[in-house]
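Comments concern the structure below.
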Amino acid sequence: MNRFAHVTGWGMAAPDRVLTNDDLAKMVDTNDEWILSRTGISERRIAEPGESTATLAVDAALRALESTDINAKDIDLIIVATSTPEYIFPSTACIVQDKIGASRAGAFDISAACTGFIYAVNMAAQAIRTGSIENALVIGAETLSRFTNWEDRDTCVLFGDGAGAFVLQSSDQPGGVLTCVMRSDGSGESLLSLPAGGSKLPASHETVDKKQHTIQMNGREVFRFATRVMASATREAVSLASWELDDVTWVIPHQANMRIIEAAARGLRMPIEKFVINLSRYGNTSTASIPIATCEALESGRIQDGDHLVLVGFGAGLTWGALTLEWVLPERKISRAARRRRAILVFLARVRSFVRRLRRKIEGLIWGTSSNDPI
Ligand code: UT7
């Protein structure tokens with residue numbers, strides 16, 4: 001029996017405290033016009049003293065679980081993607097495991113910067129599809145504000161705090177997570193990093209004085225890299241799913257900069273309206289940005305049953321990746337009429353996709369161009 005990994009629950013958490021562009025203009029030499037026009041960000045959320053990556057992750061996880069028909073004890077695996085963990089060790093995932101009472105779950109963190117959520121969803125989906133687990137909780141959570149140099153206008157205007165979580169469950173119903181491309185290029189390690197606090201540069205008075213415990217970034221180079229990889233990763237994941245770009249209903253990109261998202265849309269020749277964007281209200285929440293944007297799009301009813309989604313991101317490492325997802329709501333969440341409509345829509349989409357591949361194959365035979373697509 002084929003097993004599929006479906007997203008059956010989702011939840012997000014963001015601190016209440018809002019920091020606007022005007023607030024930042026009182027702290028560093030910047031202004032609302034510059035930040036908005038260069039990044040698309042108007043405000044971001046900042047963790048209060050009692051909040052941390054784990055508390056945000058736990059809140060998002062509990063909300064995600066509430067939206068499913070399973071409870072914490074049914075979770076087999078918890079993966080937290082984060083670059084701002086609670087500690088170097090133990091993992092933030094273990095803290096979440098304890099706080100939500102997931103007594104049967106294995107737990108670990110993934111460090112792939114802003115691409116982390118894509119990597120983590122792919123890892124969980126692979127484990128489900130191979131049959132080694134049934135239910136997984138995947139969380140992207142960050143408190144970047146704790147690692148921001150609030151005197152550096154190049155970086156402090158960009159980042160925000162938050163968390164988003166998916167519950168993934170095994171099902172024999174086709175759909176769910178389909179394909180994923182994961183890429184990296186460590187030669188870009190210095191373009192975006194948090195240099196101190198690890199084994200190379202342990203904390204010392206010097207590292208503190210030099211502000212080496214805060215985010216260091218070459219913004220222009222990261223921008224160039226991002227505009228290059230967003231479109232290519234999307235194309236690769238879409239092609240692996242045997243979709244055409246036209247089949248994609250929504251692209252949910254990492255929310256780093258509006259100009260990067262626009263460049264990706266241009267590169268893919270896709271209308272910007274197909275991109276889920278909430279960057280103006282949260283800033284760049286790194287690995288939390290994709291699940292937060294997905295949650296908001298689900299809550300507002302934009303993502304519908306049968307939709308074809310692409311999650312695509314990039315970040316420090318350098319890392320980048322894209323994942324395709326056929327959004328199929330769990331049976332219990334939809335009415336009988338909607339189920340019938342879904343079955344028809346899914347059937348029609350598959351027929352369309354088959355006809356397209358058949359046409360490409362026949363054209364290949366007639367014109368002598370090769371097509372390796374299985375029909
Ligand atoms: O999750 C991945 C994380 N990182 C990213 O996604 C970052 C990708 N990079 C970017 O988003 C953009 O490069 C930035 C938003 C960081 C910067 O935008 P830019 O258009 O590349 O600006 P720039 O670095 O080329 O700087 C242009 C000017 C400079 O002044 P001069 O040298 O032209 O006089 C900067 O000093 O803007 C100045 N500047 C600012 N001015 C007002 C830089 N930051 C600010 C600021 N307010 N906050």
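All residue names refer to the structure tokens as shown: chains lettered A, B, ... in order, residues numbered from 1 in each chain, ligands numbered from 1 in order.
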Residues near A:Asp246, cut-off 12 Å, only C-alpha atoms, skip fewer than 4 positions along chain, as a PyMOL selection string: chain A and resi 235+238-239+242+250-251+268-271+274+307-310+349+352-353+356
Give as a PyMOL selection string the residues surrounding ligand 1 up to a distance of 8 Å, considering only C-alpha atoms and all ligand atoms. chain A and resi 28-31+34-35+38-39+113-114+153-158+192+217-224+226+254-257+259-260+284-286+314-316
Residues from the last selection, C-alpha atoms, saved as a compact mmCIF listing (two decimals), in the first residue's frame:
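The result, written out as part.txt:
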```txt
# COMPACT_ATOMS: atom_id res chain seq x y z
CA VAL A 28 18.98 54.01 14.09
CA ASP A 29 19.43 56.30 11.09
CA THR A 30 16.58 54.97 8.97
CA ASN A 31 13.02 55.81 7.99
CA TRP A 34 13.50 53.44 3.00
CA ILE A 35 12.52 50.25 4.81
CA ARG A 38 13.66 48.45 -0.11
CA THR A 39 12.14 45.51 1.76
CA ALA A 113 18.61 28.71 8.45
CA CYS A 114 15.62 30.16 6.61
CA ARG A 153 20.63 49.59 10.41
CA ASP A 154 21.66 47.16 7.64
CA THR A 155 20.16 44.22 9.56
CA CYS A 156 18.00 45.39 12.47
CA VAL A 157 15.18 46.58 10.20
CA LEU A 158 14.75 43.16 8.61
CA LEU A 192 25.15 35.47 6.50
CA MET A 217 25.19 39.84 6.69
CA ASN A 218 26.34 40.92 3.27
CA GLY A 219 22.87 42.00 2.17
CA ARG A 220 23.66 42.67 -1.48
CA GLU A 221 25.29 39.28 -2.04
CA VAL A 222 22.50 37.43 -0.24
CA PHE A 223 20.01 39.35 -2.37
CA ARG A 224 21.79 38.27 -5.57
CA ALA A 226 18.27 34.66 -3.45
CA HIS A 254 10.37 32.69 2.37
CA GLN A 255 9.38 36.20 3.42
CA ALA A 256 12.69 38.09 3.33
CA ASN A 257 12.26 40.96 0.91
CA ARG A 259 11.88 42.67 -4.21
CA ILE A 260 13.25 39.12 -3.96
CA ASN A 284 11.77 38.19 8.04
CA THR A 285 11.11 35.49 10.67
CA SER A 286 13.60 33.13 9.01
CA PHE A 314 16.74 30.34 0.86
CA GLY A 315 19.05 31.35 3.67
CA ALA A 316 22.34 31.14 5.49
```
I need the residues of stretch 41-256 of chain A that end up classed as strand (DSSP E) by DSSP on the backbone, written out as an NGL selection string. :A and (43-45 or 77-81 or 106-110 or 135-143 or 161-171 or 176-184 or 192-193 or 216-217 or 250-253)
Return as a ChimeraX atom specification the full set of residues in stretch 3-178 of chain A whose backbone-based DSSP assignment is alpha helix (DSSP H). /A:21-25,32-39,53-66,92-100,116-129,153-156
Just the residues within 8 Å of A:Glu134, please, counting only C-alpha atoms, with nothing from its chain fewer than 5 positions along; format it as a PyMOL selection string. chain A and resi 75-76+128+169-170
If you keep all heavy atoms, can you produce a file of those selected residues as a PDB file, in the first residue's frame?
```pdb
ATOM      1  N   ILE A  75       2.017  11.683  18.620  1.00  0.00           N
ATOM      2  CA  ILE A  75       3.125  12.184  17.785  1.00  0.00           C
ATOM      3  C   ILE A  75       4.342  11.267  17.929  1.00  0.00           C
ATOM      4  O   ILE A  75       4.767  10.958  19.037  1.00  0.00           O
ATOM      5  CB  ILE A  75       3.516  13.632  18.203  1.00  0.00           C
ATOM      6  CG1 ILE A  75       2.349  14.598  17.977  1.00  0.00           C
ATOM      7  CG2 ILE A  75       4.756  14.108  17.480  1.00  0.00           C
ATOM      8  CD1 ILE A  75       2.060  14.905  16.540  1.00  0.00           C
ATOM      9  N   ASP A  76       4.891  10.847  16.782  1.00  0.00           N
ATOM     10  CA  ASP A  76       6.068   9.965  16.786  1.00  0.00           C
ATOM     11  C   ASP A  76       7.374  10.742  16.686  1.00  0.00           C
ATOM     12  O   ASP A  76       8.428  10.259  17.100  1.00  0.00           O
ATOM     13  CB  ASP A  76       6.016   9.011  15.583  1.00  0.00           C
ATOM     14  CG  ASP A  76       4.736   8.200  15.566  1.00  0.00           C
ATOM     15  OD1 ASP A  76       4.502   7.461  16.530  1.00  0.00           O
ATOM     16  OD2 ASP A  76       3.969   8.327  14.595  1.00  0.00           O
ATOM     17  N   ILE A 128       7.396   9.378   7.132  1.00  0.00           N
ATOM     18  CA  ILE A 128       6.010   8.883   7.060  1.00  0.00           C
ATOM     19  C   ILE A 128       5.841   7.969   5.853  1.00  0.00           C
ATOM     20  O   ILE A 128       5.273   6.883   5.948  1.00  0.00           O
ATOM     21  CB  ILE A 128       5.021  10.080   7.009  1.00  0.00           C
ATOM     22  CG1 ILE A 128       4.951  10.748   8.381  1.00  0.00           C
ATOM     23  CG2 ILE A 128       3.632   9.626   6.547  1.00  0.00           C
ATOM     24  CD1 ILE A 128       4.147  12.029   8.425  1.00  0.00           C
ATOM     25  N   GLN A 169       0.478  13.718   8.814  1.00  0.00           N
ATOM     26  CA  GLN A 169      -0.031  12.389   9.143  1.00  0.00           C
ATOM     27  C   GLN A 169       0.012  11.470   7.928  1.00  0.00           C
ATOM     28  O   GLN A 169      -0.141  11.928   6.786  1.00  0.00           O
ATOM     29  CB  GLN A 169      -1.466  12.487   9.649  1.00  0.00           C
ATOM     30  CG  GLN A 169      -1.575  13.077  11.042  1.00  0.00           C
ATOM     31  CD  GLN A 169      -3.012  13.063  11.544  1.00  0.00           C
ATOM     32  OE1 GLN A 169      -3.676  14.080  11.576  1.00  0.00           O
ATOM     33  NE2 GLN A 169      -3.479  11.892  11.939  1.00  0.00           N
ATOM     34  N   SER A 170       0.168  10.204   8.229  1.00  0.00           N
ATOM     35  CA  SER A 170       0.190   9.191   7.172  1.00  0.00           C
ATOM     36  C   SER A 170      -1.232   8.920   6.688  1.00  0.00           C
ATOM     37  O   SER A 170      -2.177   8.948   7.473  1.00  0.00           O
ATOM     38  CB  SER A 170       0.799   7.931   7.778  1.00  0.00           C
ATOM     39  OG  SER A 170       0.521   6.846   6.966  1.00  0.00           O
TER      40      SER A 170
END
```
Could you give me, as a VMD selection string, the residues within 9 Å of A:Ile100, counting only C-alpha atoms and dropping anything in the same chain fewer than 3 positions from it? chain A and resid 58 61 to 62 72 to 73 95 to 97 103
How would the residues just picked look written out with N, CA and C atoms as an mmCIF file, in the first residue's frame?
```cif
data_model
loop_
_atom_site.group_PDB
_atom_site.id
_atom_site.type_symbol
_atom_site.label_atom_id
_atom_site.label_comp_id
_atom_site.auth_asym_id
_atom_site.auth_seq_id
_atom_site.Cartn_x
_atom_site.Cartn_y
_atom_site.Cartn_z
ATOM 1 N N VAL A 58 6.142 26.054 21.229
ATOM 2 C CA VAL A 58 5.118 25.294 21.961
ATOM 3 C C VAL A 58 3.729 25.851 21.630
ATOM 4 N N ALA A 61 2.771 24.774 18.208
ATOM 5 C CA ALA A 61 2.544 23.319 18.181
ATOM 6 C C ALA A 61 1.180 22.976 18.772
ATOM 7 N N LEU A 62 0.839 23.595 19.906
ATOM 8 C CA LEU A 62 -0.447 23.284 20.543
ATOM 9 C C LEU A 62 -1.601 23.698 19.632
ATOM 10 N N ALA A 72 -1.094 14.950 21.569
ATOM 11 C CA ALA A 72 0.373 14.962 21.636
ATOM 12 C C ALA A 72 0.956 13.554 21.778
ATOM 13 N N LYS A 73 0.235 12.682 22.469
ATOM 14 C CA LYS A 73 0.772 11.321 22.701
ATOM 15 C C LYS A 73 0.823 10.498 21.413
ATOM 16 N N ILE A 95 12.536 20.332 24.265
ATOM 17 C CA ILE A 95 11.767 21.181 25.203
ATOM 18 C C ILE A 95 10.289 21.161 24.799
ATOM 19 N N VAL A 96 10.052 21.262 23.486
ATOM 20 C CA VAL A 96 8.669 21.214 22.988
ATOM 21 C C VAL A 96 8.047 19.871 23.363
ATOM 22 N N GLN A 97 8.801 18.789 23.148
ATOM 23 C CA GLN A 97 8.290 17.432 23.457
ATOM 24 C C GLN A 97 7.782 17.365 24.902
ATOM 25 N N SER A 103 4.786 12.109 24.793
ATOM 26 C CA SER A 103 5.618 11.156 25.529
ATOM 27 C C SER A 103 6.218 10.045 24.665
#
```
Please measure the separation of atom CA of A:Tyr282 and atom CA of A:Leu311, giving the value in Å to one decimal. 17.8 Å
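Minimum atom-to-atom distances from A:Ala293, A:Leu144, A:Val328, A:Ala322 to A:Asp305 were compared using only C-alpha atoms, and the lowest value belongs to A:Val328.
Pairwise distance (atom CA of A:Ile290, atom CA of A:Ala127) equals 21.1 Å.
Taking atom CA of A:Leu348 and atom CA of A:Leu168 as endpoints, the distance between them is 25.6 Å.
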